[in-house]
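First the structure, in the form of structure tokens, and then the observations on it.
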Amino acid sequence: MAYQDNNSRPQRQMFDITDLNITCAECGKAIIELPFQPTKKEDGTFGNLYCFDCNKKRRANSGPRRDFRPRY
């Protein structure tokens, strides 16, 4: 599921991760594709990964980015 912003951005490459059997850390739904190739952490897990819907909710609840600096 790639995003589109009024065709001003190219479509992101999505990686099929169905063979990794990763589930959303929040809702437990199976994650079948991500916009990046996940890598295992030192503990052998992929860390907390979220499905599209849960990630969207988390981003909406997190507020604006603090490191954003407008360009002049």
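Letters A, B, ... mark the chains of the structure tokens in the order given; residue numbers begin at 1 per chain; ligand numbers begin at 1, in order shown.
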
Could you pull the residues within 10 Å of range 47-57 of chain A, counting only C-alpha atoms, minus those fewer than 2 positions along the same chain, as a PyMOL selection string?
chain A and resi 1+22-34+38-45+59-62

Export, as a short mmCIF file (atom, residue, chain, number, x, y, z; two decimals), in the first residue's frame, the selected residues with N, CA and C atoms.
```cif
data_model
loop_
_atom_site.label_atom_id
_atom_site.label_comp_id
_atom_site.auth_asym_id
_atom_site.auth_seq_id
_atom_site.Cartn_x
_atom_site.Cartn_y
_atom_site.Cartn_z
N MET A 1 0.85 -1.16 0.00
CA MET A 1 0.00 0.00 0.00
C MET A 1 0.90 1.23 0.00
N ILE A 22 5.65 -11.56 10.39
CA ILE A 22 5.68 -10.46 11.35
C ILE A 22 4.25 -9.97 11.58
N THR A 23 3.93 -9.70 12.85
CA THR A 23 2.61 -9.17 13.19
C THR A 23 2.77 -7.79 13.82
N CYS A 24 1.72 -7.00 13.74
CA CYS A 24 1.69 -5.66 14.31
C CYS A 24 1.85 -5.74 15.82
N ALA A 25 2.72 -4.89 16.37
CA ALA A 25 2.98 -4.88 17.81
C ALA A 25 1.78 -4.36 18.59
N GLU A 26 0.87 -3.66 17.93
CA GLU A 26 -0.27 -3.09 18.64
C GLU A 26 -1.54 -3.93 18.50
N CYS A 27 -1.92 -4.29 17.26
CA CYS A 27 -3.20 -4.98 17.06
C CYS A 27 -3.06 -6.47 16.74
N GLY A 28 -1.85 -6.92 16.41
CA GLY A 28 -1.62 -8.34 16.12
C GLY A 28 -1.91 -8.76 14.70
N LYS A 29 -2.31 -7.82 13.85
CA LYS A 29 -2.60 -8.11 12.44
C LYS A 29 -1.30 -8.47 11.71
N ALA A 30 -1.38 -9.41 10.78
CA ALA A 30 -0.21 -9.81 10.01
C ALA A 30 0.23 -8.65 9.12
N ILE A 31 1.53 -8.39 9.10
CA ILE A 31 2.09 -7.35 8.23
C ILE A 31 2.68 -8.06 7.03
N ILE A 32 2.21 -7.71 5.83
CA ILE A 32 2.68 -8.40 4.63
C ILE A 32 3.65 -7.57 3.80
N GLU A 33 3.67 -6.23 4.01
CA GLU A 33 4.63 -5.42 3.28
C GLU A 33 4.98 -4.17 4.09
N LEU A 34 6.22 -3.72 3.88
CA LEU A 34 6.73 -2.53 4.56
C LEU A 34 7.49 -1.67 3.56
N PRO A 38 13.05 -4.97 6.87
CA PRO A 38 13.38 -5.04 8.29
C PRO A 38 14.63 -5.88 8.54
N THR A 39 15.38 -5.48 9.55
CA THR A 39 16.57 -6.24 9.95
C THR A 39 16.42 -6.64 11.41
N LYS A 40 17.00 -7.76 11.75
CA LYS A 40 16.90 -8.25 13.12
C LYS A 40 17.82 -7.46 14.04
N LYS A 41 17.32 -7.24 15.24
CA LYS A 41 18.09 -6.58 16.28
C LYS A 41 19.01 -7.60 16.94
N GLU A 42 19.82 -7.15 17.88
CA GLU A 42 20.75 -8.04 18.57
C GLU A 42 20.04 -9.16 19.32
N ASP A 43 18.80 -8.90 19.78
CA ASP A 43 18.08 -9.94 20.53
C ASP A 43 17.36 -10.94 19.62
N GLY A 44 17.54 -10.81 18.29
CA GLY A 44 16.95 -11.76 17.36
C GLY A 44 15.55 -11.42 16.90
N THR A 45 15.00 -10.30 17.38
CA THR A 45 13.66 -9.88 16.96
C THR A 45 13.78 -8.72 15.97
N ARG A 59 1.26 8.04 14.62
CA ARG A 59 1.82 9.29 14.11
C ARG A 59 0.87 10.46 14.39
N ALA A 60 -0.44 10.23 14.28
CA ALA A 60 -1.41 11.29 14.55
C ALA A 60 -1.39 11.69 16.02
N ASN A 61 -1.15 10.73 16.91
CA ASN A 61 -1.13 11.00 18.34
C ASN A 61 0.19 11.56 18.84
N SER A 62 1.23 11.48 18.05
CA SER A 62 2.55 11.89 18.52
C SER A 62 2.78 13.40 18.42
#
```

From a DSSP pass on the backbone, collect the residues of chain A flagged as alpha helix (DSSP H) and hand them back as a list of chain:residue names.
A:Phe52, A:Asp53, A:Cys54, A:Asn55, A:Lys56, A:Lys57, A:Arg58, A:Arg59, A:Ala60, A:Asn61, A:Ser62

How would you write, as a ChimeraX atom specification, the set of residues in chain A that DSSP gives as strand (DSSP E or B)?
/A:15-16,23,30,33-34

Hey, can you spit out that residue selection with C-alpha atoms as a compact mmCIF listing (two decimals), in the first residue's frame?
```txt
# COMPACT_ATOMS: atom_id res chain seq x y z
CA PHE A 15 9.07 -4.97 0.46
CA ASP A 16 7.08 -8.21 0.65
CA THR A 23 2.61 -9.17 13.19
CA ALA A 30 -0.21 -9.81 10.01
CA GLU A 33 4.63 -5.42 3.28
CA LEU A 34 6.73 -2.53 4.56
```
